[in-house]
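Asks: Below you will find the structure I want to go over with you.
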Amino acid sequence: MTTAVRSRSMLTLAEVCEELAISRSTFYDWRAKHRAPRCIKLPNGDLRIRRSDLEDWLSDREDAA
């Protein structure tokens with residue numbers, strides 16, 4: 001897997017917050033309440049979210065029409 005493909009499949013916290021139009025503090029609040037998408041904590045403490053986990057998380061929140 002190349003670096004470019006890997007970087008697109010893993011999102012930074014800033015990228016996720018921008019995509020969801022929420023603040024970082026809102027994301028951390030959701031995370032504390034176990035309502036945020038699954039995260040990967042890197043050794044330096046940074047968080048990454050797999051694109052697939054974000055997509056699954058969003059799908060789970062869709063209203064049934």
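Quick note on naming: the chains in the structure tokens go A, B, ... in the order shown, residues restart at 1 in each chain, and ligands are numbered from 1 in order of appearance.
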Within 12 Å of Tyr28 in chain A, counting only C-alpha atoms, which residues show up once you throw out same-chain ones fewer than 5 positions away? Write them as a list of chain:residue names, please.
Replies: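 My list of contacting residues is A:Leu13, A:Ala14, A:Val16, A:Cys17, A:Ile22, A:Ser23, A:Lys33, A:His34, A:Arg35, A:Ala36, A:Pro37, A:Cys39, A:Leu47.
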Asks: From the DSSP assignment of the backbone, select every residue of chain A that is strand (DSSP E), and format the answer as a PyMOL selection string.
Replies: chain A and resi 10-12+40-41+47-50
Asks: For the selection you just gave me, I'd like the residues written to a file as a tab-separated table (two decimals), in the first residue's frame, keeping N, CA and C atoms.
Replies:
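Heads up, here's the output in out-v2.tsv:
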chain	number	residue	atom	x	y	z
A	10	MET	N	-6.86	6.97	6.02
A	10	MET	CA	-6.76	7.38	7.42
A	10	MET	C	-6.90	8.90	7.49
A	11	LEU	N	-7.87	9.37	8.27
A	11	LEU	CA	-8.12	10.79	8.37
A	11	LEU	C	-7.61	11.33	9.70
A	12	THR	N	-7.15	12.56	9.69
A	12	THR	CA	-6.77	13.22	10.93
A	12	THR	C	-8.03	13.70	11.64
A	40	ILE	N	-7.98	5.47	16.15
A	40	ILE	CA	-6.69	4.83	16.38
A	40	ILE	C	-5.81	5.87	17.05
A	41	LYS	N	-5.28	5.54	18.21
A	41	LYS	CA	-4.40	6.46	18.91
A	41	LYS	C	-2.95	6.09	18.58
A	47	LEU	N	-4.76	11.23	17.01
A	47	LEU	CA	-5.82	10.30	16.63
A	47	LEU	C	-5.94	10.22	15.12
A	48	ARG	N	-6.28	9.05	14.63
A	48	ARG	CA	-6.60	8.85	13.23
A	48	ARG	C	-7.89	8.06	13.17
A	49	ILE	N	-8.68	8.34	12.14
A	49	ILE	CA	-9.94	7.65	11.93
A	49	ILE	C	-9.91	7.05	10.54
A	50	ARG	N	-10.16	5.75	10.46
A	50	ARG	CA	-10.21	5.10	9.15
A	50	ARG	C	-11.42	5.64	8.38
Asks: Would you please extract all helix (DSSP H, G or I) residues from chain A, as assigned by DSSP on the backbone, and give them as an MDAnalysis selection string?
Replies: chainID A and resid 3:9 13:20 24:32 51:60
Asks: Between CA of Asp56 in chain A and CA of Asn44 in chain A, what distance in Å does the model show, to one decimal?
Replies: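 Computed distance, CA of Asp56 in chain A to CA of Asn44 in chain A, equals 26.1 Å.
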Asks: Please, what distance in Å, to one decimal, runs between CA of Glu19 in chain A and CA of Glu55 in chain A?
Replies: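 Atom-to-atom, CA of Glu19 in chain A to CA of Glu55 in chain A, that is 11.4 Å.
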Asks: Could you check the closest approach to Glu15 in chain A for each of A:Trp30, A:Glu62, A:Leu54, A:Pro43 and tell me which residue wins, using only C-alpha atoms?
Replies: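 Closest to Glu15 in chain A of all the choices is A:Leu54.
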Asks: Just give me the gap between CA of Ala21 in chain A and CA of Leu42 in chain A in Å, one decimal is fine.
Replies: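 Interatomic distance here is 23.6 Å.
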